[in-house]
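Asker: For reference, the structure I am asking about is given below.
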Amino acid sequence: MSNPEPEPMLDIARGDAALSRHLKNSLTLLRDKVADPEFGKLVDDVVSGRRSLRDTFTSPVFFRALNPLMEQGAEHYRHLSEEEREELGRTGEQQFEQLRRDEEQQEQARAQRRDEDDEDFSDRSWLS
């Protein structure tokens, strides 16, 4: 039986599977919002592990696609009240905690499958 391997980790996540998943989800969301096929291919390459996210930050394609969105986001953030900013922070923390719990459950399931595949047959007689 083959065990599914964990998905490729983004280089800037530093081993944090929840952060890597969050970044991939965010990139996928951005890819779907930006009508630039070059940006879509770039995101697909990053999400699949064929390209480093760190290297894409300096890409003109990355900048061209995200610069207007970052400006809009910054403008929106400036108009939020302090309470709204705090609520955004709490929501983000809750989302990361949920991602971390999900990653932990997935890792436990992978470990269990590995244990089942590594069953000890030493006490069995192969001749009978």
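Every chain in the structure tokens has a letter given in the order shown (A, B, ...), and although residue numbers restart at 1 in each chain, ligands are simply numbered from 1 in the order shown.
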Run DSSP on the backbone and give me the residues of range 20-88 of chain A it puts in helix (DSSP H, G or I), as an MDAnalysis selection string.
Answerer: chainID A and resid 20:33 37:48 53:56 60:78 82:88
Asker: Convert the current residue selection to file output with C-alpha atoms, as a compact mmCIF listing (two decimals), in the first residue's frame.
Answerer:
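To be explicit, this is the file written out as again.txt:
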```txt
# COMPACT_ATOMS: atom_id res chain seq x y z
CA SER A 20 2.85 26.65 4.57
CA ARG A 21 -0.76 25.57 4.05
CA HIS A 22 -2.01 29.08 4.88
CA LEU A 23 0.38 30.63 2.37
CA LYS A 24 -0.62 28.12 -0.30
CA ASN A 25 -4.31 28.79 0.34
CA SER A 26 -3.67 32.53 0.13
CA LEU A 27 -1.68 32.21 -3.09
CA THR A 28 -4.41 30.06 -4.62
CA LEU A 29 -7.02 32.63 -3.65
CA LEU A 30 -4.92 35.39 -5.20
CA ARG A 31 -4.33 33.33 -8.34
CA ASP A 32 -8.09 33.01 -8.75
CA LYS A 33 -8.59 36.78 -8.32
CA PRO A 37 -1.96 33.83 -16.80
CA GLU A 38 1.75 34.36 -16.03
CA PHE A 39 0.89 34.94 -12.37
CA GLY A 40 -1.33 31.84 -12.38
CA LYS A 41 1.51 29.70 -13.70
CA LEU A 42 3.91 31.21 -11.16
CA VAL A 43 1.54 30.39 -8.30
CA ASP A 44 0.98 26.86 -9.61
CA ASP A 45 4.75 26.33 -9.71
CA VAL A 46 5.14 27.57 -6.12
CA VAL A 47 2.21 25.57 -4.73
CA SER A 48 3.43 22.37 -6.39
CA LEU A 53 8.25 31.32 -2.98
CA ARG A 54 11.27 33.29 -1.80
CA ASP A 55 12.51 33.61 -5.40
CA THR A 56 9.14 34.82 -6.66
CA PRO A 60 8.15 41.30 -12.02
CA VAL A 61 5.14 39.03 -12.59
CA PHE A 62 4.59 38.69 -8.84
CA PHE A 63 4.95 42.43 -8.27
CA ARG A 64 2.74 43.37 -11.21
CA ALA A 65 -0.09 41.13 -10.02
CA LEU A 66 0.04 41.82 -6.29
CA ASN A 67 0.99 45.48 -6.05
CA PRO A 68 -2.54 46.80 -6.77
CA LEU A 69 -4.05 44.26 -4.36
CA MET A 70 -1.60 45.20 -1.60
CA GLU A 71 -2.41 48.87 -2.06
CA GLN A 72 -6.14 48.12 -1.81
CA GLY A 73 -5.61 45.98 1.27
CA ALA A 74 -3.47 48.60 2.99
CA GLU A 75 -6.07 51.28 2.25
CA HIS A 76 -8.82 49.09 3.66
CA TYR A 77 -6.77 48.35 6.79
CA ARG A 78 -6.12 52.06 7.39
CA GLU A 82 -8.88 49.51 16.43
CA GLU A 83 -11.56 47.02 17.47
CA GLU A 84 -11.89 45.75 13.89
CA ARG A 85 -8.12 45.35 13.64
CA GLU A 86 -8.06 43.40 16.90
CA GLU A 87 -10.89 41.19 15.66
CA LEU A 88 -8.97 40.50 12.44
```
